[in-house]
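Reading through the structure tokens given below for one structure.
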Amino acid sequence: MTGKIEKTALTPKTHTTPPAKFSHGVKKGNILQVAGQVGFLPAEEGKPPTPAGPTLREQTLQTLDNIKAILEEGGASWDDVMMIRVYLTDVAHFAEMNDIYNAYFEAQHLTAPPAARTTVYVGLPAGLLIEIDALAVLG
């Protein structure tokens with residue numbers, strides 16, 4: 001009989017406590033799932049979450065930084081990411097997001113880029129333009 005693998009919730013210091021019963025990230029064994037992240041600036045105690053800015057560029061780069069913080073909290077890096085799912089609020093942002101995404105990951109010097117999918121989704125809170133989640137496998 002083998003022991004049960006522990007599941008660990010991940011919330012970096014830069015992130016607010018989730019408003020509902022979920023974690024920013026969860027690690028179990030060598031699997032790390034990052035929940036959907038948006039472009040909120042690092043948390044400041046007593047202040048509500050604030051978007052990085054009104055532009056897709058500002059929000060996308062902050063969202064990727066927020067994911068990176070969760071990956072690092074769980075002992076992972078971008079090279080461990082197997083899948084990224086991107087949710088946009090406007091189909092007109094697709095090409096710009098691809099340009100930002102390509103430049104960001106080129107700068108990460110990955111051994112191989114993760115699989116990815118982009119969906120246009122209109123259900124984000126007002127002012128937010130993008131949400132991204134990621135799945136990593138460590139080891």
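Naming works like this for the structure tokens: A, B, ... for the chains as they're shown, residue 1 at the start of each chain, ligands 1 onward in shown order.
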If you count only C-alpha atoms, which residues fall within 6 Å of Ile132 of chain A, apart from same-chain ones fewer than 6 positions away, as a PyMOL selection string?
-> chain A and resi 36-37+85-86
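All residues of protein, DNA or RNA that reach within 9 Å of Thr50 of chain A, judged by only C-alpha atoms and not counting those fewer than 4 positions away in the chain, are Gly39, Phe40, Leu41, Pro42 and Ala43 of chain A.
In this structure, atom CA of Lys13 of chain A sits 22.3 Å away from atom CA of Gly29 of chain A.
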Which residues come within 10 Å of Gln59 of chain A, counting only C-alpha atoms, excluding same-chain residues fewer than 5 positions away, as JSON, numbers by chain?
-> {"A": [38, 39, 40, 41, 51, 52, 53, 54, 64, 65, 127, 128, 129, 130, 131]}
Can you write out the residues you just picked, keeping N, CA and C atoms, as a JSON list (two decimals), in the first residue's frame?
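Output (result-v5.json):
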```json
[["chain", "number", "residue", "atom", "x", "y", "z"],
["A", 38, "VAL", "N", -5.47, 36.80, -13.79],
["A", 38, "VAL", "CA", -5.72, 38.03, -14.53],
["A", 38, "VAL", "C", -4.61, 39.02, -14.22],
["A", 39, "GLY", "N", -4.67, 40.18, -14.85],
["A", 39, "GLY", "CA", -3.59, 41.16, -14.75],
["A", 39, "GLY", "C", -3.66, 42.08, -13.55],
["A", 40, "PHE", "N", -3.93, 41.56, -12.36],
["A", 40, "PHE", "CA", -3.91, 42.38, -11.16],
["A", 40, "PHE", "C", -2.48, 42.62, -10.72],
["A", 41, "LEU", "N", -2.21, 43.85, -10.30],
["A", 41, "LEU", "CA", -0.91, 44.19, -9.71],
["A", 41, "LEU", "C", -0.72, 43.43, -8.41],
["A", 51, "PRO", "N", -6.17, 46.31, -11.62],
["A", 51, "PRO", "CA", -5.56, 45.90, -12.89],
["A", 51, "PRO", "C", -4.26, 46.66, -13.16],
["A", 52, "ALA", "N", -3.33, 46.00, -13.85],
["A", 52, "ALA", "CA", -2.03, 46.59, -14.18],
["A", 52, "ALA", "C", -2.18, 47.82, -15.06],
["A", 53, "GLY", "N", -3.26, 47.92, -15.77],
["A", 53, "GLY", "CA", -3.51, 49.05, -16.65],
["A", 53, "GLY", "C", -4.68, 48.71, -17.56],
["A", 54, "PRO", "N", -5.06, 49.66, -18.37],
["A", 54, "PRO", "CA", -6.22, 49.43, -19.24],
["A", 54, "PRO", "C", -5.89, 48.67, -20.52],
["A", 64, "LEU", "N", 1.03, 37.06, -16.92],
["A", 64, "LEU", "CA", 2.13, 36.09, -17.05],
["A", 64, "LEU", "C", 3.05, 36.16, -15.83],
["A", 65, "ASP", "N", 3.30, 37.35, -15.31],
["A", 65, "ASP", "CA", 4.10, 37.47, -14.08],
["A", 65, "ASP", "C", 3.39, 36.82, -12.90],
["A", 127, "GLY", "N", -13.36, 45.74, -17.10],
["A", 127, "GLY", "CA", -12.02, 46.28, -17.20],
["A", 127, "GLY", "C", -10.94, 45.25, -17.46],
["A", 128, "LEU", "N", -11.23, 43.97, -17.22],
["A", 128, "LEU", "CA", -10.23, 42.92, -17.45],
["A", 128, "LEU", "C", -10.38, 42.38, -18.86],
["A", 129, "LEU", "N", -9.25, 42.22, -19.55],
["A", 129, "LEU", "CA", -9.25, 41.84, -20.96],
["A", 129, "LEU", "C", -8.76, 40.43, -21.23],
["A", 130, "ILE", "N", -8.07, 39.82, -20.23],
["A", 130, "ILE", "CA", -7.45, 38.52, -20.47],
["A", 130, "ILE", "C", -7.37, 37.73, -19.17],
["A", 131, "GLU", "N", -7.50, 36.42, -19.31],
["A", 131, "GLU", "CA", -7.29, 35.47, -18.21],
["A", 131, "GLU", "C", -6.48, 34.32, -18.79]]
```
Pick from A:Ala107, A:Thr16, A:Gly25, A:Asp80 nearest to Pro49 of chain A, counting only C-alpha atoms = A:Thr16
Which of segment 4-131 of chain A fall in strand (DSSP E), as an MDAnalysis selection string | chainID A and resid 7:10 25:28 31:37 81:88 115:120 130:131
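For the residues A:Leu71, A:Met82, A:Asp99, A:Ala134, ranking by smallest atom-to-atom distance to Pro113 of chain A using only C-alpha atoms places A:Met82 first.
Summary of the local environment: counting only C-alpha atoms, residues at most 12 Å from Asn98 of chain A, other than itself and those fewer than 2 positions away along its chain, are Leu56, Arg57, Thr60, Leu61, Val86, Leu88, Val91, Ala92, His93, Phe94, Ala95, Glu96, Ile100, Tyr101, Asn102, Ala103, Tyr104, Phe105, Glu106, Ala116, Arg117 and Thr118 of chain A.
For the atom pair formed by atom CA of Ser23 of chain A and atom CA of Leu135 of chain A, the distance is 13.8 Å, given to one decimal.
We find atom CA of Asn66 of chain A and atom CA of Met83 of chain A to be spaced 16.0 Å apart.
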Of A:Trp78, A:Glu58, A:Tyr87, A:Thr14, the one sitting nearest Asp133 of chain A when using only C-alpha atoms is A:Tyr87
